[in-house]
file structure24.csv (CSV, N, CA and C atoms)
chain,number,residue,atom,x,y,z
A,1,MET,N,160.7,122.3,96.1
A,1,MET,CA,160.7,123.0,94.8
A,1,MET,C,162.0,123.7,94.7
A,2,VAL,N,162.6,123.6,93.6
A,2,VAL,CA,163.9,124.3,93.3
A,2,VAL,C,163.6,125.6,92.7
A,3,GLU,N,164.6,126.5,92.7
A,3,GLU,CA,164.5,127.8,92.1
A,3,GLU,C,164.9,127.6,90.6
A,4,PRO,N,164.0,127.7,89.7
A,4,PRO,CA,164.3,127.5,88.3
A,4,PRO,C,165.2,128.5,87.6
A,5,THR,N,165.5,129.6,88.3
A,5,THR,CA,166.5,130.5,87.7
A,5,THR,C,167.9,130.1,88.0
A,6,ASP,N,168.1,129.2,88.9
A,6,ASP,CA,169.4,128.6,89.2
A,6,ASP,C,169.8,127.8,88.0
A,7,PRO,N,171.0,128.2,87.4
A,7,PRO,CA,171.4,127.5,86.2
A,7,PRO,C,171.4,126.0,86.3
A,8,GLU,N,171.6,125.5,87.5
A,8,GLU,CA,171.7,124.0,87.7
A,8,GLU,C,170.3,123.4,87.5
A,9,HIS,N,169.2,124.2,87.6
A,9,HIS,CA,167.9,123.6,87.5
A,9,HIS,C,167.1,124.1,86.3
A,10,VAL,N,167.7,124.9,85.5
A,10,VAL,CA,167.0,125.4,84.3
A,10,VAL,C,166.8,124.2,83.3
A,11,HIS,N,165.6,124.1,82.8
A,11,HIS,CA,165.3,123.0,81.8
A,11,HIS,C,165.3,121.6,82.4
A,12,ARG,N,164.9,121.6,83.7
A,12,ARG,CA,164.8,120.3,84.4
A,12,ARG,C,163.4,120.2,85.0
A,13,PHE,N,162.9,119.0,85.3
A,13,PHE,CA,161.6,118.9,85.9
A,13,PHE,C,161.6,119.4,87.3
A,14,VAL,N,160.7,120.3,87.6
A,14,VAL,CA,160.7,121.0,88.9
A,14,VAL,C,159.3,120.9,89.6
A,15,TRP,N,158.3,120.5,89.0
A,15,TRP,CA,156.9,120.6,89.6
A,15,TRP,C,156.0,119.6,88.8
A,16,ALA,N,154.9,119.2,89.4
A,16,ALA,CA,153.9,118.4,88.7
A,16,ALA,C,152.5,118.7,89.2
A,17,ASP,N,151.6,118.5,88.3
A,17,ASP,CA,150.2,118.7,88.7
A,17,ASP,C,149.5,117.4,88.5
A,18,LEU,N,148.6,117.1,89.5
A,18,LEU,CA,147.7,115.9,89.4
A,18,LEU,C,146.3,116.4,89.3
A,19,ALA,N,145.7,116.2,88.1
A,19,ALA,CA,144.3,116.6,87.9
A,19,ALA,C,143.4,115.3,88.1
A,20,THR,N,142.4,115.3,88.9
A,20,THR,CA,141.7,114.1,89.2
A,20,THR,C,140.2,114.5,89.6
A,21,PRO,N,139.3,113.6,89.3
A,21,PRO,CA,137.9,113.9,89.7
A,21,PRO,C,137.7,113.8,91.2
A,22,ASP,N,138.6,113.2,91.9
A,22,ASP,CA,138.4,113.0,93.4
A,22,ASP,C,139.8,113.3,94.1
A,23,ASP,N,139.9,114.6,94.4
A,23,ASP,CA,141.2,115.0,95.0
A,23,ASP,C,141.4,114.4,96.4
A,24,ILE,N,140.3,114.2,97.1
A,24,ILE,CA,140.4,113.7,98.5
A,24,ILE,C,140.9,112.3,98.5
A,25,ARG,N,140.3,111.5,97.6
A,25,ARG,CA,140.7,110.1,97.5
A,25,ARG,C,142.2,109.9,96.9
A,26,ALA,N,142.5,110.8,96.0
A,26,ALA,CA,143.9,110.8,95.4
A,26,ALA,C,144.9,111.2,96.5
A,27,ALA,N,144.6,112.2,97.3
A,27,ALA,CA,145.5,112.6,98.3
A,27,ALA,C,145.7,111.5,99.4
A,28,GLU,N,144.7,110.8,99.7
A,28,GLU,CA,144.8,109.7,100.7
A,28,GLU,C,145.6,108.6,100.1
A,29,PHE,N,145.4,108.3,98.8
A,29,PHE,CA,146.2,107.2,98.2
A,29,PHE,C,147.7,107.5,98.3
A,30,TYR,N,148.1,108.7,97.9
A,30,TYR,CA,149.5,109.1,97.9
A,30,TYR,C,150.1,109.2,99.3
A,31,ARG,N,149.3,109.7,100.3
A,31,ARG,CA,149.7,109.7,101.7
A,31,ARG,C,150.1,108.3,102.1
A,32,GLN,N,149.2,107.3,101.8
A,32,GLN,CA,149.4,105.9,102.2
A,32,GLN,C,150.5,105.3,101.4
A,33,LEU,N,150.6,105.5,100.1
A,33,LEU,CA,151.6,104.9,99.3
A,33,LEU,C,153.0,105.4,99.5
A,34,PHE,N,153.2,106.7,99.6
A,34,PHE,CA,154.6,107.3,99.7
A,34,PHE,C,154.8,108.1,101.0
A,35,GLY,N,153.8,108.3,101.8
A,35,GLY,CA,154.0,109.1,103.0
A,35,GLY,C,154.0,110.6,102.7
A,36,TRP,N,153.5,111.0,101.5
A,36,TRP,CA,153.4,112.4,101.1
A,36,TRP,C,152.4,113.1,102.0
A,37,SER,N,152.7,114.3,102.3
A,37,SER,CA,151.7,115.2,103.0
A,37,SER,C,150.9,115.9,101.9
A,38,ASP,N,149.7,116.4,102.4
A,38,ASP,CA,149.0,117.3,101.5
A,38,ASP,C,148.4,118.5,102.3
A,39,ALA,N,148.3,119.6,101.6
A,39,ALA,CA,147.8,120.8,102.3
A,39,ALA,C,147.0,121.6,101.3
A,40,ARG,N,146.0,122.3,101.9
A,40,ARG,CA,145.1,123.1,101.0
A,40,ARG,C,145.6,124.5,101.0
A,41,HIS,N,145.5,125.2,99.9
A,41,HIS,CA,146.0,126.6,99.7
A,41,HIS,C,144.9,127.4,98.9
A,42,MET,N,144.9,128.7,99.2
A,42,MET,CA,144.1,129.6,98.4
A,42,MET,C,145.0,130.4,97.5
A,43,ILE,N,144.6,130.4,96.2
A,43,ILE,CA,145.4,131.2,95.2
A,43,ILE,C,144.5,131.6,94.1
A,44,SER,N,144.6,132.8,93.7
A,44,SER,CA,143.9,133.3,92.5
A,44,SER,C,142.4,133.1,92.7
A,45,GLY,N,141.9,133.2,93.9
A,45,GLY,CA,140.4,133.1,94.2
A,45,GLY,C,139.9,131.7,94.3
A,46,GLY,N,140.8,130.7,94.2
A,46,GLY,CA,140.4,129.3,94.3
A,46,GLY,C,141.2,128.5,95.3
A,47,THR,N,140.9,127.3,95.5
A,47,THR,CA,141.7,126.4,96.4
A,47,THR,C,142.2,125.3,95.6
A,48,PHE,N,143.4,124.8,96.1
A,48,PHE,CA,144.0,123.6,95.5
A,48,PHE,C,144.8,123.0,96.6
A,49,ARG,N,145.2,121.8,96.4
A,49,ARG,CA,146.1,121.0,97.4
A,49,ARG,C,147.5,121.0,96.8
A,50,THR,N,148.4,120.9,97.7
A,50,THR,CA,149.8,120.6,97.3
A,50,THR,C,150.2,119.2,97.9
A,51,LEU,N,151.0,118.5,97.3
A,51,LEU,CA,151.6,117.3,97.8
A,51,LEU,C,153.1,117.7,98.1
A,52,GLY,N,153.6,117.1,99.2
A,52,GLY,CA,154.9,117.4,99.6
A,52,GLY,C,155.5,116.3,100.5
A,53,HIS,N,156.8,116.5,100.8
A,53,HIS,CA,157.5,115.6,101.7
A,53,HIS,C,158.6,116.4,102.4
A,54,GLY,N,158.7,116.2,103.7
A,54,GLY,CA,159.7,116.8,104.5
A,54,GLY,C,159.5,118.4,104.5
A,55,GLY,N,158.2,118.8,104.4
A,55,GLY,CA,158.0,120.2,104.4
A,55,GLY,C,158.1,121.0,103.1
A,56,HIS,N,158.4,120.2,102.1
A,56,HIS,CA,158.7,120.9,100.7
A,56,HIS,C,157.6,120.4,99.7
A,57,ALA,N,156.8,121.3,99.2
A,57,ALA,CA,155.8,121.0,98.2
A,57,ALA,C,156.5,120.7,96.9
A,58,PHE,N,156.0,119.8,96.1
A,58,PHE,CA,156.6,119.5,94.8
A,58,PHE,C,155.5,119.2,93.7
A,59,ALA,N,154.3,119.3,94.1
A,59,ALA,CA,153.2,119.0,93.2
A,59,ALA,C,151.9,119.7,93.7
A,60,SER,N,151.0,120.0,92.7
A,60,SER,CA,149.7,120.4,93.1
A,60,SER,C,148.7,119.3,92.7
A,61,LEU,N,147.6,119.3,93.4
A,61,LEU,CA,146.6,118.3,93.2
A,61,LEU,C,145.2,119.1,93.2
A,62,TYR,N,144.5,118.9,92.1
A,62,TYR,CA,143.3,119.7,92.0
A,62,TYR,C,142.2,118.8,91.3
A,63,ARG,N,141.0,119.2,91.5
A,63,ARG,CA,139.8,118.5,91.0
A,63,ARG,C,139.5,119.0,89.6
A,64,ILE,N,139.3,118.0,88.7
A,64,ILE,CA,138.9,118.2,87.3
A,64,ILE,C,137.5,118.7,87.4
A,65,ALA,N,137.1,119.7,86.6
A,65,ALA,CA,135.7,120.2,86.5
A,65,ALA,C,134.8,119.1,86.0
A,66,ARG,N,133.6,119.1,86.5
A,66,ARG,CA,132.6,118.0,86.2
A,66,ARG,C,132.4,118.0,84.6
A,67,GLU,N,132.4,119.2,84.0
A,67,GLU,CA,132.3,119.2,82.5
A,67,GLU,C,133.4,118.4,81.8
A,68,GLN,N,134.6,118.6,82.4
A,68,GLN,CA,135.7,117.8,81.8
A,68,GLN,C,135.6,116.3,81.9
A,69,VAL,N,135.1,115.9,83.1
A,69,VAL,CA,134.9,114.5,83.4
A,69,VAL,C,133.8,114.0,82.4
A,70,GLU,N,132.8,114.7,82.2
A,70,GLU,CA,131.7,114.3,81.3
A,70,GLU,C,132.2,114.2,79.9
A,71,ARG,N,133.2,115.0,79.5
A,71,ARG,CA,133.8,114.9,78.2
A,71,ARG,C,134.8,113.8,78.1
A,72,GLY,N,135.1,113.1,79.1
A,72,GLY,CA,136.0,112.0,79.1
A,72,GLY,C,137.4,112.3,79.5
A,73,VAL,N,137.7,113.5,80.0
A,73,VAL,CA,139.0,113.8,80.5
A,73,VAL,C,139.4,112.9,81.7
A,74,PRO,N,140.4,112.1,81.5
A,74,PRO,CA,140.8,111.2,82.7
A,74,PRO,C,141.7,111.9,83.7
A,75,ALA,N,141.8,111.3,84.8
A,75,ALA,CA,142.8,111.8,85.8
A,75,ALA,C,144.2,111.7,85.1
A,76,HIS,N,145.0,112.7,85.4
A,76,HIS,CA,146.3,112.6,84.7
A,76,HIS,C,147.3,113.5,85.5
A,77,TRP,N,148.6,113.2,85.3
A,77,TRP,CA,149.7,114.0,85.8
A,77,TRP,C,150.3,114.9,84.7
A,78,ILE,N,150.7,116.1,85.0
A,78,ILE,CA,151.4,117.0,84.1
A,78,ILE,C,152.7,117.4,84.7
A,79,PRO,N,153.8,117.0,84.2
A,79,PRO,CA,155.1,117.5,84.7
A,79,PRO,C,155.5,118.9,84.2
A,80,TYR,N,156.2,119.6,84.9
A,80,TYR,CA,156.7,121.0,84.6
A,80,TYR,C,158.2,121.0,84.5
A,81,VAL,N,158.7,121.7,83.5
A,81,VAL,CA,160.1,122.0,83.3
A,81,VAL,C,160.4,123.4,83.5
A,82,SER,N,161.4,123.7,84.3
A,82,SER,CA,161.8,125.1,84.6
A,82,SER,C,162.3,125.8,83.3
A,83,THR,N,162.0,127.1,83.3
A,83,THR,CA,162.5,128.0,82.2
A,83,THR,C,162.6,129.4,82.7
A,84,PRO,N,163.6,130.1,82.3
A,84,PRO,CA,163.7,131.5,82.8
A,84,PRO,C,162.7,132.5,82.2
A,85,ASP,N,162.0,132.1,81.1
A,85,ASP,CA,161.1,132.9,80.4
A,85,ASP,C,160.0,132.0,79.7
A,86,VAL,N,158.9,131.9,80.4
A,86,VAL,CA,157.8,131.0,79.9
A,86,VAL,C,157.4,131.4,78.5
A,87,SER,N,157.1,132.7,78.3
A,87,SER,CA,156.6,133.2,77.0
A,87,SER,C,157.6,132.9,75.9
A,88,ALA,N,158.9,133.2,76.1
A,88,ALA,CA,159.9,132.9,75.1
A,88,ALA,C,160.0,131.4,74.8
A,89,THR,N,159.9,130.6,75.8
A,89,THR,CA,160.0,129.1,75.6
A,89,THR,C,158.8,128.6,74.8
A,90,ALA,N,157.6,129.2,75.2
A,90,ALA,CA,156.4,128.8,74.5
A,90,ALA,C,156.5,129.2,73.0
A,91,ALA,N,157.0,130.4,72.7
A,91,ALA,CA,157.1,130.8,71.4
A,91,ALA,C,158.1,129.9,70.6
A,92,LYS,N,159.2,129.6,71.3
A,92,LYS,CA,160.2,128.7,70.6
A,92,LYS,C,159.5,127.3,70.3
A,93,ALA,N,158.7,126.8,71.2
A,93,ALA,CA,158.1,125.5,71.0
A,93,ALA,C,157.2,125.6,69.8
A,94,THR,N,156.4,126.7,69.6
A,94,THR,CA,155.6,126.8,68.4
A,94,THR,C,156.4,126.9,67.1
A,95,SER,N,157.6,127.5,67.2
A,95,SER,CA,158.5,127.6,66.0
A,95,SER,C,159.0,126.2,65.7
A,96,LEU,N,159.0,125.3,66.6
A,96,LEU,CA,159.5,123.9,66.4
A,96,LEU,C,158.4,122.9,66.1
A,97,ALA,N,157.2,123.4,65.7
A,97,ALA,CA,156.1,122.6,65.4
A,97,ALA,C,155.3,122.1,66.6
A,98,GLY,N,155.6,122.7,67.8
A,98,GLY,CA,154.8,122.4,69.0
A,98,GLY,C,153.6,123.3,68.9
A,99,ARG,N,152.7,123.2,70.0
A,99,ARG,CA,151.6,124.2,70.1
A,99,ARG,C,151.4,124.5,71.5
A,100,ILE,N,150.8,125.7,71.7
A,100,ILE,CA,150.4,126.1,73.1
A,100,ILE,C,149.0,125.6,73.4
A,101,VAL,N,148.9,124.8,74.5
A,101,VAL,CA,147.7,124.2,74.9
A,101,VAL,C,146.9,125.2,75.9
A,102,VAL,N,147.7,125.7,76.8
A,102,VAL,CA,147.2,126.7,77.8
A,102,VAL,C,148.2,127.9,77.7
A,103,GLN,N,147.6,129.1,77.4
A,103,GLN,CA,148.5,130.3,77.3
A,103,GLN,C,149.2,130.6,78.7
A,104,PRO,N,150.3,131.3,78.7
A,104,PRO,CA,151.0,131.6,79.9
A,104,PRO,C,150.0,132.3,80.9
A,105,GLN,N,150.1,131.8,82.1
A,105,GLN,CA,149.3,132.4,83.2
A,105,GLN,C,150.2,132.6,84.4
A,106,HIS,N,149.8,133.7,85.1
A,106,HIS,CA,150.6,134.1,86.3
A,106,HIS,C,149.8,133.7,87.6
A,107,PHE,N,150.5,133.0,88.5
A,107,PHE,CA,150.0,132.7,89.8
A,107,PHE,C,150.9,133.4,90.8
A,108,PRO,N,150.4,134.6,91.3
A,108,PRO,CA,151.3,135.5,92.1
A,108,PRO,C,151.9,134.8,93.3
A,109,GLY,N,153.2,135.0,93.5
A,109,GLY,CA,153.9,134.4,94.6
A,109,GLY,C,154.3,132.9,94.3
A,110,LEU,N,153.9,132.4,93.2
A,110,LEU,CA,154.2,131.0,92.9
A,110,LEU,C,155.0,130.9,91.6
A,111,ALA,N,154.4,131.2,90.5
A,111,ALA,CA,155.0,131.0,89.2
A,111,ALA,C,154.2,131.5,88.1
A,112,ARG,N,154.8,131.6,86.9
A,112,ARG,CA,154.2,131.8,85.6
A,112,ARG,C,154.3,130.5,84.9
A,113,VAL,N,153.1,130.0,84.4
A,113,VAL,CA,153.1,128.7,83.8
A,113,VAL,C,152.4,128.7,82.5
A,114,CYS,N,152.6,127.6,81.7
A,114,CYS,CA,152.0,127.5,80.4
A,114,CYS,C,152.1,126.0,80.1
A,115,LEU,N,151.1,125.5,79.3
A,115,LEU,CA,151.1,124.1,78.9
A,115,LEU,C,151.3,124.1,77.4
A,116,ILE,N,152.3,123.3,76.9
A,116,ILE,CA,152.5,123.1,75.5
A,116,ILE,C,152.4,121.6,75.1
A,117,ALA,N,152.2,121.4,73.8
A,117,ALA,CA,152.2,120.0,73.3
A,117,ALA,C,153.4,120.0,72.3
A,118,ASP,N,154.1,118.9,72.4
A,118,ASP,CA,155.2,118.7,71.4
A,118,ASP,C,154.6,118.2,70.1
A,119,PRO,N,155.4,118.1,69.0
A,119,PRO,CA,154.8,117.7,67.7
A,119,PRO,C,154.1,116.4,67.7
A,120,THR,N,154.4,115.5,68.7
A,120,THR,CA,153.7,114.2,68.8
A,120,THR,C,152.4,114.3,69.6
A,121,GLY,N,152.1,115.4,70.3
A,121,GLY,CA,150.9,115.6,71.1
A,121,GLY,C,151.1,115.5,72.6
A,122,ALA,N,152.3,115.1,73.0
A,122,ALA,CA,152.6,115.0,74.4
A,122,ALA,C,152.5,116.4,75.1
A,123,ILE,N,151.9,116.4,76.3
A,123,ILE,CA,151.7,117.7,77.0
A,123,ILE,C,152.8,117.8,78.0
A,124,LEU,N,153.3,119.1,78.1
A,124,LEU,CA,154.4,119.4,79.1
A,124,LEU,C,154.1,120.8,79.6
A,125,GLY,N,154.3,121.0,80.9
A,125,GLY,CA,154.2,122.3,81.5
A,125,GLY,C,155.5,123.0,81.5
A,126,LEU,N,155.4,124.3,81.3
A,126,LEU,CA,156.6,125.2,81.5
A,126,LEU,C,156.4,126.0,82.8
A,127,TRP,N,157.5,126.2,83.5
A,127,TRP,CA,157.4,126.7,84.9
A,127,TRP,C,158.5,127.8,85.0
A,128,GLN,N,158.1,129.0,85.3
A,128,GLN,CA,159.0,130.1,85.6
A,128,GLN,C,158.7,130.6,87.1
A,129,GLY,N,159.4,130.0,88.0
A,129,GLY,CA,159.2,130.3,89.4
A,129,GLY,C,159.4,131.7,89.9
A,130,GLU,N,158.9,132.0,91.0
A,130,GLU,CA,159.1,133.3,91.6
A,130,GLU,C,159.8,133.3,92.9
A,131,GLY,N,161.0,132.9,92.9
A,131,GLY,CA,161.8,132.8,94.1
A,131,GLY,C,161.9,131.5,94.7
A,132,PRO,N,162.9,131.3,95.6
A,132,PRO,CA,163.1,130.0,96.2
A,132,PRO,C,162.2,129.6,97.3
A,133,ARG,N,160.9,129.8,97.1
A,133,ARG,CA,159.9,129.6,98.1
A,133,ARG,C,159.4,128.2,98.0
A,134,HIS,N,159.0,127.6,99.1
A,134,HIS,CA,158.3,126.3,99.1
A,134,HIS,C,156.8,126.7,99.5
A,135,LEU,N,155.9,126.0,99.0
A,135,LEU,CA,154.5,126.3,99.3
A,135,LEU,C,154.1,125.9,100.7
A,136,ALA,N,154.9,125.0,101.3
A,136,ALA,CA,154.5,124.5,102.6
A,136,ALA,C,154.5,125.7,103.6
A,137,GLY,N,153.4,125.9,104.2
A,137,GLY,CA,153.3,127.0,105.2
A,137,GLY,C,152.9,128.3,104.6
A,138,VAL,N,152.6,128.4,103.2
A,138,VAL,CA,152.2,129.6,102.6
A,138,VAL,C,150.8,129.9,103.1

call {"tool": "encode", "arguments": {"input": "structure24.csv", "output": "C-alpha cells"}}
result
Amino acid sequence: MVEPTDPEHVHRFVWADLATPDDIRAAEFYRQLFGWSDARHMISGGTFRTLGHGGHAFASLYRIAREQVERGVPAHWIPYVSTPDVSATAAKATSLAGRIVVQPQHFPGLARVCLIADPTGAILGLWQGEGPRHLAGV
C-alpha cells in the first residue's frame, strides 16, 4: 500500500475491496491463481481478510451479509483512489453530479474511506490513508 499523501500517489488507485459471499473460497482462488497471501485482521469490532504479496497488503476481502446476497448483490471488486481529504473529494463529486453511496467512515490506523458513484452509476472508493503502514503484521 502506498502513502496517499505522497504527491506521486494522490489520485491514483491504491487499494481494492473484494466483497463476496464466500471469503474462504475466494481467498483460496487468488492464492492459487496469483500466489497472493491472505491474513485475518480485527478492526472496528469485526474481522476481515487482507490480500497481499511480498508482505504488503493491497486489498481487503470480506463476506457480503446474507441479507445482501438474498437481495441479489453479487460478488464484486471496489477499487479505491487516494485523496488527501475524503470529505472534500466526496463533496466535489456531488457538485459534479456524482453521489455519495457510503458516507465517509474512519477505520483507525488504516484509513478514512467513502464510496461514491459517478454520474453514470459506476462505484469508486475514496481512500485517505493514515501513514505509510502496511497491514501485513498489524

call {"tool": "closest_residue", "arguments": {"input": "structure24.csv", "among": "A:Val73, A:Ala16, A:Leu110, A:Val81", "to": "A:Leu51", "atoms": "only C-alpha atoms"}}
result
A:Ala16

call {"tool": "closest_residue", "arguments": {"input": "structure24.csv", "among": "A:Ile24, A:Ala88, A:Ile116, A:Ala19", "to": "A:Ala65", "atoms": "all atoms listed in the file"}}
result
A:Ala19

call {"tool": "select_by_dssp", "arguments": {"input": "structure24.csv", "residues": "stretch 18-118 of chain A", "states": "strand (DSSP E or B)", "output": "MDAnalysis selection string"}}
result
chainID A and resid 18:20 37:43 46:53 56:63 76:82 99:107 111:117

call {"tool": "atom_distance", "arguments": {"input": "structure24.csv", "atom1": "atom CA of A:Pro21", "atom2": "atom CA of A:Ser60"}}
result
13.9 Å

call {"tool": "closest_residue", "arguments": {"input": "structure24.csv", "among": "A:Glu28, A:Val102, A:Thr47, A:Ser82", "to": "A:His11", "atoms": "all atoms listed in the file"}}
result
A:Ser82

call {"tool": "residues_near_point", "arguments": {"input": "structure24.csv", "point": "(158.7, 117.6, 67.9)", "cutoff": "8 Å", "atoms": "all atoms listed in the file", "output": "ChimeraX atom specification"}}
result
/A:96-98,117-121

call {"tool": "write_last_selection", "arguments": {"input": "structure24.csv", "atoms": "N, CA and C atoms", "output": "PDB file, keeping the file's coordinate frame"}}
result
ATOM      1  N   LEU A  96     159.000 125.300  66.600  1.00  0.00           N
ATOM      2  CA  LEU A  96     159.500 123.900  66.400  1.00  0.00           C
ATOM      3  C   LEU A  96     158.400 122.900  66.100  1.00  0.00           C
ATOM      4  N   ALA A  97     157.200 123.400  65.700  1.00  0.00           N
ATOM      5  CA  ALA A  97     156.100 122.600  65.400  1.00  0.00           C
ATOM      6  C   ALA A  97     155.300 122.100  66.600  1.00  0.00           C
ATOM      7  N   GLY A  98     155.600 122.700  67.800  1.00  0.00           N
ATOM      8  CA  GLY A  98     154.800 122.400  69.000  1.00  0.00           C
ATOM      9  C   GLY A  98     153.600 123.300  68.900  1.00  0.00           C
ATOM     10  N   ALA A 117     152.200 121.400  73.800  1.00  0.00           N
ATOM     11  CA  ALA A 117     152.200 120.000  73.300  1.00  0.00           C
ATOM     12  C   ALA A 117     153.400 120.000  72.300  1.00  0.00           C
ATOM     13  N   ASP A 118     154.100 118.900  72.400  1.00  0.00           N
ATOM     14  CA  ASP A 118     155.200 118.700  71.400  1.00  0.00           C
ATOM     15  C   ASP A 118     154.600 118.200  70.100  1.00  0.00           C
ATOM     16  N   PRO A 119     155.400 118.100  69.000  1.00  0.00           N
ATOM     17  CA  PRO A 119     154.800 117.700  67.700  1.00  0.00           C
ATOM     18  C   PRO A 119     154.100 116.400  67.700  1.00  0.00           C
ATOM     19  N   THR A 120     154.400 115.500  68.700  1.00  0.00           N
ATOM     20  CA  THR A 120     153.700 114.200  68.800  1.00  0.00           C
ATOM     21  C   THR A 120     152.400 114.300  69.600  1.00  0.00           C
ATOM     22  N   GLY A 121     152.100 115.400  70.300  1.00  0.00           N
ATOM     23  CA  GLY A 121     150.900 115.600  71.100  1.00  0.00           C
ATOM     24  C   GLY A 121     151.100 115.500  72.600  1.00  0.00           C
TER      25      GLY A 121
END

call {"tool": "residues_around", "arguments": {"input": "structure24.csv", "residues": "A:Ile78", "least_positions_apart": "5", "cutoff": "8 Å", "atoms": "all atoms listed in the file", "output": "JSON, numbers by chain"}}
result
{"A": [15, 16, 17, 18, 19, 123, 124, 125]}

call {"tool": "atom_distance", "arguments": {"input": "structure24.csv", "atom1": "atom CA of A:Ala111", "atom2": "atom CA of A:Arg63"}}
result
19.8 Å

call {"tool": "atom_distance", "arguments": {"input": "structure24.csv", "atom1": "atom CA of A:Val69", "atom2": "atom CA of A:Asp23"}}
result
13.2 Å

call {"tool": "closest_residue", "arguments": {"input": "structure24.csv", "among": "A:Arg99, A:Ile64, A:Val86, A:Phe34", "to": "A:Gly52", "atoms": "only C-alpha atoms"}}
result
A:Phe34
